[in-house]
$ cat target-v1.txt   # compact mmCIF, C-alpha atoms (C1' of nucleotides)
# COMPACT_ATOMS: atom_id res chain seq x y z
CA MET A 4 78.37 125.36 110.89
CA LYS A 5 81.74 126.62 109.83
CA LYS A 6 83.73 126.48 113.01
CA GLY A 7 82.78 122.88 113.44
CA GLU A 8 84.10 121.83 110.08
CA ALA A 9 87.42 123.50 110.74
CA THR A 10 87.79 121.73 114.07
CA ARG A 11 86.75 118.46 112.54
CA ALA A 12 89.41 118.89 109.88
CA ARG A 13 92.06 119.56 112.52
CA ILE A 14 91.05 116.44 114.42
CA ILE A 15 91.27 114.34 111.28
CA GLU A 16 94.66 115.73 110.39
CA GLU A 17 96.03 115.16 113.86
CA THR A 18 94.66 111.64 114.03
CA GLY A 19 96.39 110.78 110.78
CA ARG A 20 99.61 112.35 111.96
CA GLN A 21 99.69 110.29 115.14
CA ALA A 22 98.55 107.11 113.41
CA ALA A 23 101.43 107.37 110.97
CA ILE A 24 103.84 107.34 113.89
CA LYS A 25 102.30 105.07 116.50
CA GLY A 26 99.81 103.12 114.41
CA PHE A 27 96.05 103.41 114.51
CA GLY A 28 95.71 100.98 117.37
CA ALA A 29 97.91 103.13 119.57
CA VAL A 30 96.18 106.49 119.02
CA SER A 31 94.23 107.48 122.10
CA LEU A 32 91.40 109.95 122.21
CA ASN A 33 93.19 111.75 124.99
CA ASP A 34 96.32 112.38 122.95
CA VAL A 35 94.39 113.63 119.95
CA ALA A 36 92.13 115.83 122.05
CA GLU A 37 95.09 117.35 123.84
CA ALA A 38 96.98 117.98 120.61
CA VAL A 39 94.11 119.87 119.00
CA GLY A 40 93.26 121.71 122.22
CA LEU A 41 90.00 120.00 122.99
CA SER A 42 88.53 117.88 125.72
CA LYS A 43 88.03 114.19 125.13
CA SER A 44 84.28 114.53 125.06
CA GLY A 45 84.55 117.36 122.58
CA LEU A 46 85.74 114.85 120.01
CA PHE A 47 82.44 113.03 120.18
CA LYS A 48 80.61 116.06 118.82
CA HIS A 49 82.41 115.42 115.54
CA PHE A 50 82.59 111.64 115.45
CA GLU A 51 80.29 109.07 116.89
CA SER A 52 83.13 106.73 117.75
CA LYS A 53 86.87 106.36 117.64
CA GLU A 54 86.62 104.08 114.63
CA ALA A 55 84.64 106.69 112.70
CA MET A 56 87.38 109.16 113.49
CA GLU A 57 90.09 106.79 112.29
CA LEU A 58 88.11 106.00 109.19
CA ALA A 59 87.91 109.68 108.33
CA ALA A 60 91.62 110.09 108.99
CA LEU A 61 92.50 107.21 106.70
CA ASP A 62 90.25 108.46 103.94
CA ARG A 63 91.69 111.92 104.26
CA GLY A 64 95.16 110.41 104.12
CA PHE A 65 94.38 108.96 100.72
CA ASP A 66 93.08 112.28 99.47
CA ARG A 67 96.25 113.99 100.60
CA PHE A 68 98.29 111.27 98.95
CA VAL A 69 96.55 111.66 95.62
CA ALA A 70 96.85 115.42 95.76
CA PHE A 71 100.55 115.26 96.50
CA VAL A 72 101.63 112.40 94.27
CA TRP A 73 99.21 112.32 91.39
CA GLU A 74 97.95 115.80 90.70
CA PRO A 75 101.31 117.30 89.75
CA ALA A 76 101.67 114.57 87.12
CA GLU A 77 98.27 115.17 85.67
CA SER A 78 99.44 118.12 83.63
CA LEU A 79 102.07 115.93 81.94
CA PRO A 80 101.18 113.85 78.90
CA PRO A 81 100.78 110.12 79.53
CA GLY A 82 104.01 108.21 79.18
CA ARG A 83 107.37 107.80 80.81
CA ALA A 84 107.78 111.35 82.08
CA ARG A 85 104.46 111.15 83.83
CA LEU A 86 105.34 107.89 85.55
CA GLU A 87 108.69 109.21 86.60
CA SER A 88 107.03 112.23 88.13
CA VAL A 89 104.65 110.03 90.10
CA PHE A 90 107.46 107.83 91.33
CA GLU A 91 109.60 110.76 92.39
CA ARG A 92 106.76 112.45 94.23
CA TRP A 93 105.92 109.13 95.84
CA LEU A 94 109.43 108.91 97.24
CA ASP A 95 109.10 112.49 98.46
CA TRP A 96 105.83 111.58 100.08
CA THR A 97 107.38 109.06 102.48
CA GLU A 98 110.72 110.76 102.86
CA VAL A 99 110.02 114.49 102.91
CA GLU A 100 106.37 115.42 103.17
CA ASN A 101 105.68 112.97 105.99
CA ALA A 102 109.12 113.01 107.50
CA ALA A 103 107.69 112.57 110.98
CA GLY A 104 105.91 109.25 110.78
CA GLY A 105 106.21 108.17 107.20
CA CYS A 106 103.36 107.22 104.95
CA LEU A 107 100.11 106.66 106.80
CA ILE A 108 98.80 104.33 104.13
CA MET A 109 101.76 102.00 104.22
CA ALA A 110 101.71 101.92 107.99
CA ALA A 111 98.00 101.14 108.02
CA SER A 112 98.41 98.53 105.29
CA THR A 113 100.62 96.25 107.34
CA GLU A 114 98.84 97.02 110.57
CA LEU A 115 95.37 96.19 109.31
CA ASP A 116 95.98 93.51 106.71
CA ASP A 117 94.98 90.87 109.23
CA GLN A 118 92.14 92.67 110.95
CA PRO A 119 88.82 92.53 109.10
CA GLY A 120 86.57 95.56 109.32
CA PRO A 121 85.71 98.83 107.64
CA MET A 122 89.26 100.11 107.94
CA ARG A 123 90.69 97.21 105.99
CA ASP A 124 87.88 97.46 103.46
CA LEU A 125 88.58 101.11 102.84
CA LEU A 126 92.27 100.43 102.47
CA GLN A 127 91.69 97.61 100.06
CA ALA A 128 89.33 99.60 97.88
CA ARG A 129 91.50 102.66 97.58
CA VAL A 130 94.76 100.79 97.10
CA ARG A 131 93.16 98.75 94.33
CA ARG A 132 91.91 101.90 92.66
CA TRP A 133 95.34 103.44 92.83
CA ARG A 134 96.89 100.35 91.26
CA GLN A 135 94.40 100.58 88.42
CA THR A 136 95.39 104.15 87.80
CA LEU A 137 99.03 103.14 87.66
CA ALA A 138 98.31 100.20 85.38
CA ARG A 139 96.54 102.51 82.95
CA GLU A 140 99.61 104.72 82.87
CA MET A 141 101.90 101.76 82.34
CA LYS A 142 99.96 100.68 79.29
CA ALA A 143 100.64 104.05 77.70
CA LEU A 144 104.35 103.38 77.82
CA ARG A 145 104.37 101.71 74.41
CA GLU A 146 102.43 101.89 71.16
CA PRO A 147 100.52 99.65 70.70
CA PRO A 148 99.77 99.47 74.47
CA ILE A 149 101.28 96.64 76.47
CA SER A 150 99.03 93.86 77.75
CA ASP A 151 97.06 94.13 80.98
CA ALA A 152 99.13 91.37 82.50
CA GLU A 153 102.39 93.08 81.70
CA ALA A 154 101.11 96.39 83.00
CA GLN A 155 100.03 94.85 86.27
CA GLY A 156 103.40 93.20 86.59
CA ALA A 157 105.08 96.55 86.15
CA VAL A 158 102.80 98.10 88.75
CA PHE A 159 103.69 95.30 91.15
CA GLN A 160 107.36 96.11 90.75
CA MET A 161 106.81 99.84 91.02
CA LYS A 162 104.93 99.49 94.27
CA SER A 163 107.51 96.99 95.51
CA PHE A 164 110.29 99.51 95.02
CA ILE A 165 108.31 102.07 96.98
CA LEU A 166 107.92 99.60 99.82
CA GLY A 167 111.57 98.67 99.63
CA HIS A 168 112.60 102.30 99.69
CA ASN A 169 110.42 102.88 102.72
CA GLU A 170 112.04 100.12 104.75
CA MET A 171 115.56 100.98 103.69
CA ARG A 172 115.07 104.61 104.52
CA ARG A 173 112.94 104.53 107.65
CA LEU A 174 114.00 101.36 109.38
CA LEU A 175 117.59 100.99 108.22
CA ASP A 176 118.32 104.74 108.10
CA ASP A 177 120.03 104.20 104.77
CA THR A 178 120.13 107.40 102.73
CA GLY A 179 121.07 105.40 99.67
CA ALA A 180 117.51 104.15 99.53
CA ARG A 181 116.38 106.78 97.09
CA ALA A 182 119.15 106.04 94.62
CA ALA A 183 118.47 102.32 94.82
CA ALA A 184 114.77 102.80 94.22
CA ARG A 185 115.31 105.20 91.36
CA ALA A 186 117.80 102.90 89.64
CA ALA A 187 115.46 99.93 89.94
CA PHE A 188 112.51 101.92 88.61
CA ASP A 189 114.44 103.37 85.70
CA SER A 190 115.53 99.90 84.72
CA LEU A 191 111.93 98.73 84.93
CA LEU A 192 110.76 101.54 82.65
CA ASP A 193 113.53 100.78 80.19
CA ARG A 194 112.50 97.15 79.92
CA THR A 195 108.79 97.87 79.81
CA GLY A 196 109.03 100.72 77.35
CA LYS A 197 110.82 98.97 74.54
CA ALA A 198 109.30 96.25 72.43
CA MET B 26 114.86 74.23 135.91
CA LYS B 27 113.53 72.49 132.87
CA LYS B 28 109.84 73.15 133.19
CA GLY B 29 110.52 76.85 133.34
CA GLU B 30 112.39 76.91 130.08
CA ALA B 31 109.58 75.09 128.31
CA THR B 32 106.99 77.54 129.63
CA ARG B 33 109.18 80.45 128.71
CA ALA B 34 109.47 79.12 125.19
CA ARG B 35 105.70 78.77 124.91
CA ILE B 36 105.22 82.33 126.10
CA ILE B 37 107.70 83.62 123.54
CA GLU B 38 106.07 81.68 120.75
CA GLU B 39 102.60 82.87 121.66
CA THR B 40 103.73 86.46 121.99
CA GLY B 41 105.19 86.36 118.50
CA ARG B 42 102.06 84.76 117.12
CA GLN B 43 99.81 87.47 118.51
CA ALA B 44 102.19 90.28 117.60
CA ALA B 45 102.18 89.14 113.98
CA ILE B 46 98.42 89.57 113.92
CA LYS B 47 97.68 92.54 116.15
CA GLY B 48 101.05 94.21 116.31
CA PHE B 49 103.37 94.38 119.30
CA GLY B 50 101.66 97.43 120.71
CA ALA B 51 98.34 95.62 120.88
CA VAL B 52 99.51 92.46 122.65
CA SER B 53 98.30 92.41 126.21
CA LEU B 54 99.73 90.34 129.01
CA ASN B 55 96.26 89.05 129.73
CA ASP B 56 95.79 87.62 126.26
CA VAL B 57 99.17 85.95 126.23
CA ALA B 58 98.77 84.57 129.73
CA GLU B 59 95.36 83.17 128.91
CA ALA B 60 96.55 81.60 125.66
CA VAL B 61 99.40 79.73 127.34
CA GLY B 62 97.29 78.82 130.37
CA LEU B 63 98.98 81.01 132.91
CA SER B 64 98.08 83.89 135.17
CA LYS B 65 99.23 87.38 134.33
CA SER B 66 101.64 87.44 137.24
CA GLY B 67 103.04 84.10 136.20
CA LEU B 68 104.53 85.77 133.16
CA PHE B 69 106.72 87.95 135.33
CA LYS B 70 108.59 84.94 136.64
CA HIS B 71 110.01 84.56 133.14
CA PHE B 72 110.36 88.17 132.05
CA GLU B 73 111.05 91.26 134.07
CA SER B 74 108.80 93.40 131.87
CA LYS B 75 106.54 93.30 128.87
CA GLU B 76 109.21 94.82 126.71
CA ALA B 77 111.68 92.08 127.65
CA MET B 78 109.06 89.57 126.61
CA GLU B 79 108.50 91.26 123.27
CA LEU B 80 112.23 91.53 122.72
CA ALA B 81 112.59 87.80 123.21
CA ALA B 82 109.66 87.14 120.88
CA LEU B 83 111.15 89.30 118.15
CA ASP B 84 114.55 87.70 118.48
CA ARG B 85 113.00 84.26 118.40
CA GLY B 86 111.06 85.29 115.32
CA PHE B 87 114.29 86.00 113.51
CA ASP B 88 115.71 82.63 114.51
CA ARG B 89 112.64 80.88 113.19
CA PHE B 90 112.87 82.90 110.00
CA VAL B 91 116.48 81.94 109.37
CA ALA B 92 115.76 78.30 110.12
CA PHE B 93 112.84 78.23 107.72
CA VAL B 94 114.16 80.36 104.88
CA TRP B 95 117.91 80.04 104.95
CA GLU B 96 118.86 76.63 106.31
CA PRO B 97 117.24 74.60 103.51
CA ALA B 98 119.31 76.57 101.02
CA GLU B 99 122.54 76.03 102.87
CA SER B 100 122.98 72.57 101.40
CA LEU B 101 122.85 74.01 97.89
CA PRO B 102 125.96 75.40 96.23
CA PRO B 103 126.14 79.19 96.05
CA GLY B 104 124.56 80.61 92.94
CA ARG B 105 121.22 81.02 91.27
CA ALA B 106 119.59 77.84 92.56
CA ARG B 107 120.42 78.81 96.12
CA LEU B 108 118.92 82.26 95.73
CA GLU B 109 115.81 80.86 94.11
CA SER B 110 115.38 78.48 97.02
CA VAL B 111 115.66 81.32 99.50
CA PHE B 112 113.16 83.43 97.60
CA GLU B 113 110.66 80.61 97.30
CA ARG B 114 110.90 79.73 100.97
CA TRP B 115 110.58 83.41 101.81
CA LEU B 116 107.29 83.55 99.94
CA ASP B 117 106.18 80.42 101.78
CA TRP B 118 107.15 82.05 105.03
CA THR B 119 104.61 84.86 104.70
CA GLU B 120 102.00 82.93 102.80
CA VAL B 121 102.00 79.42 104.23
CA GLU B 122 104.06 79.00 107.38
CA ASN B 123 102.61 82.09 109.03
CA ALA B 124 99.25 82.03 107.34
CA ALA B 125 97.57 83.42 110.44
CA GLY B 126 99.24 86.77 110.92
CA GLY B 127 101.88 86.96 108.24
CA CYS B 128 105.53 87.66 108.84
CA LEU B 129 106.26 89.00 112.30
CA ILE B 130 109.39 90.76 111.14
CA MET B 131 107.68 92.71 108.39
CA ALA B 132 104.85 93.68 110.70
CA ALA B 133 107.29 94.85 113.34
CA SER B 134 109.38 96.70 110.77
CA THR B 135 106.66 99.11 109.79
CA GLU B 136 105.28 99.33 113.31
CA LEU B 137 108.55 100.22 114.95
CA ASP B 138 110.42 102.14 112.29
CA ASP B 139 109.44 105.39 113.96
CA GLN B 140 109.74 104.36 117.59
CA PRO B 141 113.28 104.44 118.95
CA GLY B 142 114.24 101.84 121.52
CA PRO B 143 115.71 98.37 121.91
CA MET B 144 113.05 96.81 119.71
CA ARG B 145 113.93 98.98 116.75
CA ASP B 146 117.64 98.47 117.41
CA LEU B 147 117.27 94.71 117.36
CA LEU B 148 115.24 94.89 114.20
CA GLN B 149 117.75 97.11 112.48
CA ALA B 150 120.70 94.95 113.42
CA ARG B 151 119.20 91.65 112.32
CA VAL B 152 117.70 92.99 109.10
CA ARG B 153 121.06 94.49 108.17
CA ARG B 154 122.79 91.20 108.85
CA TRP B 155 120.27 89.37 106.69
CA ARG B 156 120.81 91.82 103.86
CA GLN B 157 124.55 91.21 104.07
CA THR B 158 123.98 87.51 103.78
CA LEU B 159 121.87 88.04 100.69
CA ALA B 160 124.40 90.43 99.17
CA ARG B 161 127.11 87.83 99.57
CA GLU B 162 124.95 85.33 97.71
CA MET B 163 124.21 87.81 94.95
CA LYS B 164 127.90 88.35 94.32
CA ALA B 165 128.29 84.66 93.63
CA LEU B 166 125.90 84.91 90.71
CA ARG B 167 128.64 85.72 88.25
CA GLU B 168 132.33 85.01 87.78
CA PRO B 169 134.16 87.26 88.44
CA PRO B 170 131.81 88.41 91.23
CA ILE B 171 129.64 91.45 90.67
CA SER B 172 130.42 94.67 92.50
CA ASP B 173 129.21 95.39 96.02
CA ALA B 174 127.03 98.20 94.71
CA GLU B 175 125.36 95.99 92.15
CA ALA B 176 124.84 93.23 94.70
CA GLN B 177 123.20 95.62 97.14
CA GLY B 178 120.99 96.91 94.38
CA ALA B 179 119.88 93.38 93.63
CA VAL B 180 119.19 92.74 97.30
CA PHE B 181 117.12 95.90 97.42
CA GLN B 182 114.98 94.63 94.57
CA MET B 183 114.70 91.14 96.03
CA LYS B 184 113.49 92.46 99.35
CA SER B 185 111.17 94.87 97.56
CA PHE B 186 109.48 92.02 95.73
CA ILE B 187 108.97 90.22 99.01
CA LEU B 188 107.33 93.32 100.47
CA GLY B 189 105.23 93.77 97.35
CA HIS B 190 104.14 90.16 97.46
CA ASN B 191 103.17 90.54 101.08
CA GLU B 192 100.89 93.51 100.45
CA MET B 193 99.36 92.04 97.31
CA ARG B 194 98.64 88.78 99.05
CA ARG B 195 97.63 89.83 102.55
CA LEU B 196 95.98 93.18 102.05
CA LEU B 197 94.61 92.87 98.53
CA ASP B 198 93.82 89.14 98.78
CA ASP B 199 95.32 88.70 95.32
CA THR B 200 96.44 85.12 94.77
CA GLY B 201 98.40 86.23 91.72
CA ALA B 202 100.92 87.80 94.07
CA ARG B 203 103.20 84.80 94.05
CA ALA B 204 103.38 84.63 90.28
CA ALA B 205 104.08 88.35 90.04
CA ALA B 206 106.85 88.16 92.62
CA ARG B 207 108.42 85.09 91.03
CA ALA B 208 108.38 86.65 87.56
CA ALA B 209 109.97 89.84 88.83
CA PHE B 210 112.65 87.94 90.73
CA ASP B 211 113.48 85.65 87.83
CA SER B 212 113.90 88.66 85.60
CA LEU B 213 116.17 90.22 88.18
CA LEU B 214 118.35 87.11 88.36
CA ASP B 215 118.54 86.97 84.57
CA ARG B 216 119.79 90.53 84.36
CA THR B 217 122.16 90.21 87.28
CA GLY B 218 123.55 86.84 86.27
CA LYS B 219 124.73 87.70 82.82
CA ALA B 220 127.59 90.02 82.03
C1' DC C 17 112.53 61.50 150.63
C1' DC C 18 113.35 66.06 151.91
C1' DT C 19 114.29 70.61 151.42
C1' DA C 20 115.45 74.65 148.95
C1' DA C 21 114.39 77.00 145.02
C1' DA C 22 111.74 77.72 141.14
C1' DA C 23 107.14 78.26 139.18
C1' DC C 24 102.80 80.05 139.61
C1' DG C 25 98.09 82.06 141.40
C1' DG C 26 95.32 85.74 143.77
C1' DC C 27 94.77 90.23 144.63
C1' DA C 28 95.09 94.86 144.39
C1' DC C 29 97.39 99.32 142.82
C1' DG C 30 97.36 103.48 139.88
C1' DA C 31 96.92 104.76 135.22
C1' DT C 32 94.59 104.91 131.07
C1' DC C 33 91.32 103.21 127.78
C1' DG C 34 86.77 104.44 124.86
C1' DG C 35 82.48 106.34 125.85
C1' DT C 36 78.13 108.79 128.23
C1' DC C 37 75.55 112.50 130.34
C1' DA C 38 74.19 116.82 131.97
C1' DC C 39 75.52 121.30 131.61
C1' DT C 40 77.61 125.82 129.79
C1' DT C 41 79.49 128.57 126.16
C1' DT C 42 79.82 129.93 121.53
C1' DT C 43 78.38 130.27 116.93
C1' DT C 44 74.94 130.74 113.39
C1' DG C 45 70.60 131.97 110.73
C1' DT C 46 67.01 135.18 110.66
C1' DA D 17 69.29 141.24 118.76
C1' DC D 18 67.49 136.91 119.79
C1' DA D 19 66.55 132.19 119.87
C1' DA D 20 67.90 127.76 118.20
C1' DA D 21 71.48 124.87 117.21
C1' DA D 22 76.10 123.68 117.39
C1' DA D 23 80.48 123.33 119.94
C1' DG D 24 82.80 122.33 123.90
C1' DT D 25 83.56 121.12 129.22
C1' DG D 26 84.04 118.19 133.35
C1' DA D 27 82.80 114.56 136.12
C1' DC D 28 82.26 109.93 135.89
C1' DC D 29 81.63 104.82 134.37
C1' DG D 30 83.22 100.04 133.67
C1' DA D 31 86.93 97.76 131.57
C1' DT D 32 91.61 96.90 130.83
C1' DC D 33 96.36 98.16 130.90
C1' DG D 34 101.30 96.81 133.02
C1' DT D 35 103.16 95.70 137.40
C1' DG D 36 104.41 94.62 142.46
C1' DC D 37 103.49 91.84 146.62
C1' DC D 38 102.72 87.74 149.15
C1' DG D 39 101.32 83.27 149.76
C1' DT D 40 100.97 78.52 147.74
C1' DT D 41 102.08 74.75 144.82
C1' DT D 42 105.32 72.30 142.08
C1' DT D 43 109.67 70.97 140.61
C1' DA D 44 114.48 69.60 140.92
C1' DG D 45 119.11 68.34 143.43
C1' DG D 46 121.34 65.79 146.93

$ encode --input "target-v1.txt" --output "structure tokens"
Amino acid sequence: MKKGEATRARIIEETGRQAAIKGFGAVSLNDVAEAVGLSKSGLFKHFESKEAMELAALDRGFDRFVAFVWEPAESLPPGRARLESVFERWLDWTEVENAAGGCLIMAASTELDDQPGPMRDLLQARVRRWRQTLAREMKALREPPISDAEAQGAVFQMKSFILGHNEMRRLLDDTGARAAARAAFDSLLDRTGKA
Amino acid sequence: MKKGEATRARIIEETGRQAAIKGFGAVSLNDVAEAVGLSKSGLFKHFESKEAMELAALDRGFDRFVAFVWEPAESLPPGRARLESVFERWLDWTEVENAAGGCLIMAASTELDDQPGPMRDLLQARVRRWRQTLAREMKALREPPISDAEAQGAVFQMKSFILGHNEMRRLLDDTGARAAARAAFDSLLDRTGKA
DNA sequence: CCTAAAACGGCACGATCGGTCACTTTTTGT
DNA sequence: ACAAAAAGTGACCGATCGTGCCGTTTTAGG
């Protein structure tokens, strides 16, 4: 069972790719099947339903996100440099790495925030976990560590700048988005880092 | 031709309502027609196509947004109080006024940022105009007025906090979103307001 | 009130949707 | 090499999609 896993991976990847562009609701089995060179019914040998396929694609999207944004920072010591690395890679993630359709997670977040179900649950769980990771890093900005409340506030702003950058870049086609986001984040780190 | 205009308005309103929840791509003529008590073909006496209907709904959404968020602030003198009013009403807009499906504009922004066409064009144009309005207000925060660059940076952060609040509230079900957004915005105004 | 126009319903169209079933081909473990 | 299991195909199903056509009802202007 080796060939199967490879095909399954290709399906998942392609599903995520299309969902980032058109949204999960607009991905059709036909389009995915055609893109990976399969028949529609062939997809059902790997997933029992379309939702299971989308679920796998979303989960895989998170894994790819963590690998791209977080792992390079892991070798750095906790502190400002580490957070700056994460932020910079995060900007790259929406702007460069996924130039085609942008960040799958952000697209899914606004698409599914009103539709209960396993997709929203998965999103919620993994986004929360990611925020916790960031909050932990924020606390390490000062010695003694800043309070939980302050750290969460900083994470809120950090994520906000990412969202702002995404809109400014992808919807408004404004190439100044990156500079604006970076300036705002640097200012945030300055304020948070000093007593 | 009075009855027609009323029906048309109801169609537009309902289309926007559903699009805020399910996304524009997932609104079907059947659902809209049923919700307003019409037949599917009856819709075509008011719009030549589904896209024309969605276009009208999006445009109307912007009008409603301006009326709700901006107009109450218009009576206030330019400056900090005015901006705080706008921000507070903006939070209400996503959290209270459109409790069902959230802000139509934000939903459409992430849904359509990768799909060229009249919908995206309309979005781009009106969002840009709104940002200009905000930038003008930001400049009035200090005397002499702050630079264009600084004002646009402040607008970027303001909009970012709105986006952050939206995710924290609607996806993560975190009722602390409002407090986090308000704190971040107040801090922004403090920094921007003083020389 | 009367008539023209506007508003609307019924019906059917081709296309596409997610999904099933029976069947054939390919891969895998021994 | 061989058999079992996995991978993949094609035809087809009922439902729904956006849309055009034609007849009927309702509304509005003189």

$ closest_atom_pairs --input "target-v1.txt" --of "chain A" --to "chain D" --cutoff "8 Å" --atoms "all atoms listed in the file" --output "tab-separated table"
residue	atom	partner	partner_atom	distance
A:Met4	CA	D:DA22	C1'	7.1
A:Gly7	CA	D:DA23	C1'	6.9
A:Leu41	CA	D:DG24	C1'	7.6
A:Ser42	CA	D:DT25	C1'	6.9
A:Ser44	CA	D:DT25	C1'	7.8
A:Gly45	CA	D:DG24	C1'	5.4
A:Lys48	CA	D:DA23	C1'	7.4

$ interface_residues --input "target-v1.txt" --of "chain C" --to "chain A" --cutoff "12 Å" --atoms "all atoms listed in the file" --output "ChimeraX atom specification"
/C:32-37,42-45

$ interface_residues --input "target-v1.txt" --of "chain A" --to "chain B" --cutoff "7 Å" --atoms "all atoms listed in the file" --output "list in words"
Ile24, Gly26, Gly28, Ala29, Gly104, Ala110, Ser112, Thr113, Glu114, Asp116, Asp117, Gln127, Gly156, Phe159, Gln160, Lys162, Ser163, Phe164, Leu166, Gly167, Arg173, Leu174, Leu175 and Ala183 of chain A

$ write_last_selection --input "target-v1.txt" --atoms "C-alpha atoms" --output "CSV table (one decimal), keeping the file's coordinate frame"
chain,number,residue,atom,x,y,z
A,24,ILE,CA,103.8,107.3,113.9
A,26,GLY,CA,99.8,103.1,114.4
A,28,GLY,CA,95.7,101.0,117.4
A,29,ALA,CA,97.9,103.1,119.6
A,104,GLY,CA,105.9,109.2,110.8
A,110,ALA,CA,101.7,101.9,108.0
A,112,SER,CA,98.4,98.5,105.3
A,113,THR,CA,100.6,96.2,107.3
A,114,GLU,CA,98.8,97.0,110.6
A,116,ASP,CA,96.0,93.5,106.7
A,117,ASP,CA,95.0,90.9,109.2
A,127,GLN,CA,91.7,97.6,100.1
A,156,GLY,CA,103.4,93.2,86.6
A,159,PHE,CA,103.7,95.3,91.2
A,160,GLN,CA,107.4,96.1,90.8
A,162,LYS,CA,104.9,99.5,94.3
A,163,SER,CA,107.5,97.0,95.5
A,164,PHE,CA,110.3,99.5,95.0
A,166,LEU,CA,107.9,99.6,99.8
A,167,GLY,CA,111.6,98.7,99.6
A,173,ARG,CA,112.9,104.5,107.6
A,174,LEU,CA,114.0,101.4,109.4
A,175,LEU,CA,117.6,101.0,108.2
A,183,ALA,CA,118.5,102.3,94.8

$ atom_distance --input "target-v1.txt" --atom1 "CA of Asp34 (chain A)" --atom2 "CA of Glu57 (chain A)"
13.6 Å

$ atom_distance --input "target-v1.txt" --atom1 "CA of Arg33 (chain B)" --atom2 "C1' of DT19 (chain C)"
25.3 Å

$ axis_aligned_box --input "target-v1.txt" --around "region 141-157 of chain A" --padding-each-side "5 Å" --output "JSON"
{"center_x": 101.1, "center_y": 97.7, "center_z": 78.6, "size_x": 18.0, "size_y": 22.7, "size_z": 25.9}

$ atom_distance --input "target-v1.txt" --atom1 "CA of Arg207 (chain B)" --atom2 "CA of Leu116 (chain B)"
9.1 Å
